[in-house]
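Enquirer: One structure, pasted below without further comment.
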Amino acid sequence: MLYALKIASRYMTSNKAQSALLIFGVAVGVFIFIFMSALIGGLADYILSRTAGDLSHVTIEAEARVPSLLLPDEKGAVLLVQKKDTSREARLSSVDAFIPVIEQLPGVKAVSREITGGGFLKRGVQSAQVSVTGVEPAKVSAIINLKSYLVAGTVDLGPGKVLIGKKLADDMSYRLGQTVELQADTGISQSLIVSGIYEIGSGGPDRRQVYVSLAVARTLFALPQGVSRVEIKLADLYQADATTARIKAITGLPATSWTENAAQLLDALKAQAQTGLMLKSFALITIVIGIASALLLSTYRRRPEIGIMRAMGAPRSFVVTVFVIQGAMIGLAGGLLGAGLGYLVLLAFPGREAFKPGNLPIDITQGAYGLAILLTVISATLASILPARAASRVDPVTAIGQ
Amino acid sequence: MTEPLLDVRDLWKTFGEGDAATQVLKGLNLTMAHGEMSALLGPSGSGKSTLLTILGTLMRPTSGRHTMLGQDLTSASDEDLTEFRNRHIGFVFQFHNLLPDFTALENVILPTAVREGRETSAARARGRELLVRMGLADRMDYLATSLSGGQKQRVAVARALMNSPELVLADEPTGNLDRAAANQVMETIDRLNREEGTTFLISTHDDKIAARCRRQILVGDGQVTG
Ligand SMILES: Nc1ncnc2c1ncn2[C@@H]1O[C@H](COP(=O)(O)OP(=O)(O)OP(=O)(O)O)[C@@H](O)[C@H]1O
Ligand SMILES: [Mg+2]
């Protein structure tokens, strides 16, 4: 082994230009691998943070009761139009006891109790229909990061405060500090001061959504206790399904994972990951073909030398070892070089926090450097087996050319 | 009577098949004793190289019996032949003799290194000693490519002796050397034969080289003719 290693490294250093070119070729493949890993990973995170990042990952919501129906006969059809009864939302009355339990579950970052309902925002003769969400003031940015979307004011949801969207503010000419009248579907209304204006960027929430404190919502919707839903944020949103199952098992509450309503998004991400996998496989295949052909040429050129070694009593296995080691060395050198190169190039891209729309959302931490090096060494070793076996079968008599 | 070093009986070698078949060796018999110094002579194409590669276990005869050191090599496996070759037979070829990327010393210790899997200091010492005896003390660490033709062949002789084999087969070892270099190579071979008792079988077209050997084996028409 040691001696085979010596011969292999001598072969590498004896033709430096060729070895360097080969290693560089492998490094380019590794670089592509790393770049794709960082890009696909970064892209997935970026898309998720732009979409599911602002979602509740697990939501516990009381099921709206659907009236049971009896079909008149087998062929009959029933069209049921049910008006959503927003004034008396189904509510979770027993949830409070479970909150500390849920907060203790691994991977749970935040738990937010909310009361939701419909209402009208009024100012003089103008009025706009809005969805009202009551949250605990401390948790206002726990699920959707409202603070980061703020364009005016603060996220302070003290008593008598309301947060509204930018579009709504523009439509109604509301300004910060103004007093507005919020009338809930229950008919109860309250005067509130606009303490903050946010712009999430998607039209819906910016025009329709307002946030008040849980206390205000209790009054507005006449809910002295219980909440209408609990939103839960996880450290790892891919754990949502597992955590949902645990919450259901422990609490018996009707929890749903964000993934249940995000099949399309998940499919797209899966397709994207598969594309990345394919490109990475191509990069590895290129490495294999490159190394195999280069080594095949090299063993052909060294036939007389192989013949001499065999004539001197070197076993076939020794010849195989020499060239497999050479392949592994090329793989290791190319892997390290490619990984180093990849890291340096990725450094030039803005970090995760500084993604801007239009930039490639490359995540340097997702370069899979170790995996790239490992796979390259394995590929290179496998690639060298065929040439190495061919070399070991060289007939010493014809190779030496007697 | 002591056992001969090697003995071949009724050795046949045919290349190709059918109409294209060439019978090179046709029932050749040869016995060599320990310590012989023999020249292998014969016209071009008579089968000298063929005989040497068979004796060196690099090629199997079509039929016949090949014994060396009392071992029947005709029926031995490839692995056994490789090992046998490593321990008991040394080669000197006319061309392509040395590994170009390695120094003279590294080339010399190759037969031991491939067996032991590493270059031991004992092997290095033996290699140095052999190179000194070849008159190459000042060329040990030269790359093979930077040696002259005569120096290369003397390195090859040193390498052939590295594992102290009983038999060294040399196929026109001086074939592409000038007279002076050829003489130097032959002198070292001659000395090693006398000092170490190593048996040499040297194929050559050169009468002067043949004259330095104590026995001349003449090959013709696929047989030993004298
Ligand atoms: N692998 C082979 N396939 C076919 N024919 C071969 C092969 N090797 C040798 N021969 C033939 O066998 C015959 C003997 O060849 P060999 O090389 O043994 O002769 P030689 O005595 O060494 O000749 P020279 O003095 O020219 O070196 C030649 O006719 C050659 O063409
Ligand atoms: Mg010949």
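Scheme for the structure tokens: letters A, B, ... for chains in order shown; per-chain residue numbers from 1; ligand numbers from 1 in order shown.
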Which residues of chain B come within 9 Å of ligand 1, and for each one, what is the closest pair of atoms and their distance in Å to one decimal, counting only C-alpha atoms and all ligand atoms, sorted by chain and residue number, as a Markdown table?
Expert:
| residue | atom | partner | partner_atom_place_in_ligand_line | distance |
| --- | --- | --- | --- | --- |
| B:Lys13 | CA | ligand 1 | 12 (O) | 8.7 |
| B:Thr14 | CA | ligand 1 | 5 (N) | 8.0 |
| B:Phe15 | CA | ligand 1 | 4 (C) | 4.7 |
| B:Gly16 | CA | ligand 1 | 4 (C) | 6.2 |
| B:Ala20 | CA | ligand 1 | 4 (C) | 8.9 |
| B:Ala21 | CA | ligand 1 | 4 (C) | 8.0 |
| B:Thr22 | CA | ligand 1 | 5 (N) | 6.4 |
| B:Gln23 | CA | ligand 1 | 12 (O) | 7.5 |
| B:Val24 | CA | ligand 1 | 12 (O) | 5.2 |
| B:Leu25 | CA | ligand 1 | 14 (C) | 8.3 |
| B:Leu41 | CA | ligand 1 | 21 (O) | 8.1 |
| B:Gly42 | CA | ligand 1 | 21 (O) | 6.4 |
| B:Pro43 | CA | ligand 1 | 25 (O) | 5.9 |
| B:Ser44 | CA | ligand 1 | 25 (O) | 3.5 |
| B:Gly45 | CA | ligand 1 | 19 (O) | 3.5 |
| B:Ser46 | CA | ligand 1 | 21 (O) | 4.0 |
| B:Gly47 | CA | ligand 1 | 18 (O) | 3.2 |
| B:Lys48 | CA | ligand 1 | 21 (O) | 3.7 |
| B:Ser49 | CA | ligand 1 | 22 (O) | 3.6 |
| B:Thr50 | CA | ligand 1 | 18 (O) | 3.7 |
| B:Leu51 | CA | ligand 1 | 18 (O) | 6.5 |
| B:Leu52 | CA | ligand 1 | 18 (O) | 8.0 |
| B:Thr53 | CA | ligand 1 | 18 (O) | 8.5 |
| B:Asp171 | CA | ligand 1 | 22 (O) | 7.9 |
| B:Glu172 | CA | ligand 1 | 27 (O) | 7.7 |
| B:Ser203 | CA | ligand 1 | 22 (O) | 7.9 |
| B:Thr204 | CA | ligand 1 | 25 (O) | 7.4 |
| B:His205 | CA | ligand 1 | 25 (O) | 7.0 |
| B:Val219 | CA | ligand 1 | 21 (O) | 8.0 |
| B:Gly220 | CA | ligand 1 | 21 (O) | 8.8 |
| B:Gly222 | CA | ligand 1 | 14 (C) | 8.8 |
Enquirer: Write out as a PyMOL selection string all residues of segment 75-200 of chain B that DSSP puts in strand (DSSP E or B) for this structure's backbone.
Expert: chain B and resi 89-92+103+143+167-171+199-200
Enquirer: Near chain A, which residues of chain B fall within 9 Å when you count only C-alpha atoms, and what do they look like as an NGL selection string?
Expert: :B and (49-50 or 53 or 56-59 or 79 or 81-87 or 89-91 or 93-102 or 110-119 or 159-160 or 171)
Enquirer: Output N, CA and C atoms of each residue in that selection to a file, as a tab-separated table (two decimals), in the first residue's frame.
Expert:
chain	number	residue	atom	x	y	z
B	49	SER	N	14.10	-15.01	-27.85
B	49	SER	CA	13.29	-14.21	-26.91
B	49	SER	C	12.12	-15.04	-26.40
B	50	THR	N	11.52	-15.81	-27.28
B	50	THR	CA	10.40	-16.65	-26.87
B	50	THR	C	10.82	-17.61	-25.77
B	53	THR	N	11.33	-15.70	-22.43
B	53	THR	CA	10.10	-15.30	-21.73
B	53	THR	C	9.42	-16.51	-21.11
B	56	GLY	N	11.37	-17.37	-18.10
B	56	GLY	CA	11.13	-16.34	-17.09
B	56	GLY	C	9.71	-16.34	-16.56
B	57	THR	N	8.90	-17.31	-16.92
B	57	THR	CA	7.51	-17.47	-16.49
B	57	THR	C	6.62	-16.29	-16.90
B	58	LEU	N	7.04	-15.55	-17.92
B	58	LEU	CA	6.18	-14.46	-18.39
B	58	LEU	C	5.20	-14.96	-19.44
B	59	MET	N	5.46	-16.16	-19.94
B	59	MET	CA	4.62	-16.72	-20.99
B	59	MET	C	4.60	-18.23	-20.77
B	79	GLU	N	-0.59	-16.49	-9.97
B	79	GLU	CA	-0.13	-15.83	-8.73
B	79	GLU	C	1.17	-16.48	-8.25
B	81	LEU	N	3.33	-18.06	-10.08
B	81	LEU	CA	4.41	-17.72	-11.01
B	81	LEU	C	4.95	-16.32	-10.74
B	82	THR	N	4.04	-15.39	-10.44
B	82	THR	CA	4.45	-14.02	-10.14
B	82	THR	C	5.39	-14.01	-8.93
B	83	GLU	N	4.98	-14.73	-7.92
B	83	GLU	CA	5.80	-14.80	-6.71
B	83	GLU	C	7.14	-15.50	-6.97
B	84	PHE	N	7.08	-16.59	-7.74
B	84	PHE	CA	8.30	-17.34	-8.08
B	84	PHE	C	9.30	-16.46	-8.82
B	85	ARG	N	8.77	-15.73	-9.80
B	85	ARG	CA	9.56	-14.81	-10.61
B	85	ARG	C	10.24	-13.78	-9.72
B	86	ASN	N	9.45	-13.25	-8.79
B	86	ASN	CA	9.97	-12.21	-7.91
B	86	ASN	C	11.16	-12.71	-7.08
B	87	ARG	N	11.07	-13.94	-6.63
B	87	ARG	CA	12.11	-14.44	-5.73
B	87	ARG	C	13.30	-15.06	-6.45
B	89	ILE	N	13.96	-15.17	-10.18
B	89	ILE	CA	14.39	-14.83	-11.54
B	89	ILE	C	14.60	-13.32	-11.67
B	90	GLY	N	15.69	-12.94	-12.32
B	90	GLY	CA	15.93	-11.54	-12.64
B	90	GLY	C	15.93	-11.36	-14.14
B	91	PHE	N	15.50	-10.14	-14.58
B	91	PHE	CA	15.45	-9.88	-16.02
B	91	PHE	C	16.29	-8.66	-16.37
B	93	PHE	N	16.27	-6.46	-19.96
B	93	PHE	CA	15.74	-6.38	-21.32
B	93	PHE	C	16.60	-5.44	-22.15
B	94	GLN	N	16.30	-5.45	-23.45
B	94	GLN	CA	17.06	-4.56	-24.33
B	94	GLN	C	16.55	-3.12	-24.24
B	95	PHE	N	15.22	-2.98	-24.26
B	95	PHE	CA	14.61	-1.64	-24.23
B	95	PHE	C	13.71	-1.50	-23.00
B	96	HIS	N	13.24	-0.28	-22.80
B	96	HIS	CA	12.20	-0.02	-21.78
B	96	HIS	C	12.54	-0.68	-20.47
B	97	ASN	N	13.75	-0.52	-20.05
B	97	ASN	CA	14.15	-1.30	-18.90
B	97	ASN	C	13.82	-0.69	-17.56
B	98	LEU	N	13.92	0.64	-17.48
B	98	LEU	CA	13.76	1.29	-16.18
B	98	LEU	C	12.49	2.12	-16.15
B	99	LEU	N	12.00	2.37	-14.94
B	99	LEU	CA	10.87	3.28	-14.79
B	99	LEU	C	11.43	4.71	-14.87
B	100	PRO	N	11.02	5.48	-15.87
B	100	PRO	CA	11.68	6.77	-16.13
B	100	PRO	C	11.51	7.80	-15.01
B	101	ASP	N	10.44	7.71	-14.23
B	101	ASP	CA	10.19	8.74	-13.22
B	101	ASP	C	10.88	8.45	-11.90
B	102	PHE	N	11.68	7.37	-11.88
B	102	PHE	CA	12.30	6.98	-10.61
B	102	PHE	C	13.82	7.03	-10.73
B	110	LEU	N	13.09	-1.85	-6.65
B	110	LEU	CA	11.70	-2.16	-7.03
B	110	LEU	C	11.30	-3.62	-6.76
B	111	PRO	N	12.10	-4.61	-7.15
B	111	PRO	CA	11.65	-6.00	-6.94
B	111	PRO	C	11.40	-6.33	-5.47
B	112	THR	N	12.18	-5.74	-4.58
B	112	THR	CA	11.95	-5.98	-3.15
B	112	THR	C	10.76	-5.18	-2.66
B	113	ALA	N	10.66	-3.94	-3.13
B	113	ALA	CA	9.59	-3.06	-2.66
B	113	ALA	C	8.20	-3.57	-3.04
B	114	VAL	N	8.06	-4.12	-4.26
B	114	VAL	CA	6.72	-4.60	-4.64
B	114	VAL	C	6.33	-5.79	-3.78
B	115	ARG	N	7.33	-6.54	-3.31
B	115	ARG	CA	7.00	-7.69	-2.48
B	115	ARG	C	6.68	-7.26	-1.05
B	116	GLU	N	7.49	-6.33	-0.52
B	116	GLU	CA	7.32	-5.95	0.88
B	116	GLU	C	6.31	-4.82	1.07
B	117	GLY	N	5.92	-4.21	-0.03
B	117	GLY	CA	4.92	-3.14	0.07
B	117	GLY	C	5.49	-1.81	0.51
B	118	ARG	N	6.78	-1.75	0.75
B	118	ARG	CA	7.42	-0.48	1.08
B	118	ARG	C	8.92	-0.60	0.86
B	119	GLU	N	9.58	0.54	0.84
B	119	GLU	CA	11.03	0.55	0.63
B	119	GLU	C	11.71	0.53	2.00
B	159	ARG	N	19.27	-4.22	-10.64
B	159	ARG	CA	17.89	-4.52	-10.25
B	159	ARG	C	17.59	-6.01	-10.39
B	160	ALA	N	18.11	-6.61	-11.48
B	160	ALA	CA	17.87	-8.04	-11.70
B	160	ALA	C	18.44	-8.86	-10.54
B	171	ASP	N	17.96	-10.48	-22.33
B	171	ASP	CA	17.65	-10.57	-23.76
B	171	ASP	C	18.35	-9.41	-24.47
Enquirer: At a cut-off of 10 Å, using only C-alpha atoms, what residues contact Glu3 of chain B? Leave out same-chain residues fewer than 5 positions from it and give the result as a list in words.
Expert: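 In the requested form, the answer reads Met32, Ala33, His34, Met68, Leu69 and Gly70 of chain B.
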Enquirer: At what distance in Å, to one decimal, does atom CA of Thr219 of chain A lie from atom CA of Gly119 of chain A?
Expert: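 Those two atoms sit 12.9 Å apart.
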Enquirer: Excluding Glu231 of chain A and any residue of its chain fewer than 3 positions from it, enumerate the residues within 6 Å of it, using only C-alpha atoms, and give them as a list in words.
Expert: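 The residues satisfying every condition are Ser56, Thr59, Val111 and Ser112 of chain A.
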Enquirer: Write a file of the selected residues as a PDB file, in the first residue's frame, keeping C-alpha atoms.
Expert:
ATOM      1  CA  SER A  56     -48.206  29.743  11.119  1.00  0.00           C
ATOM      2  CA  THR A  59     -52.472  26.033  13.505  1.00  0.00           C
ATOM      3  CA  VAL A 111     -47.153  30.005  20.418  1.00  0.00           C
ATOM      4  CA  SER A 112     -49.665  32.747  19.770  1.00  0.00           C
TER       5      SER A 112
END
Enquirer: Would you return as number ranges by chain the members of segment 179-244 of chain A that DSSP assigns to alpha helix (DSSP H) on this structure's backbone?
Expert: A: 203-208, 214-220, 240-244
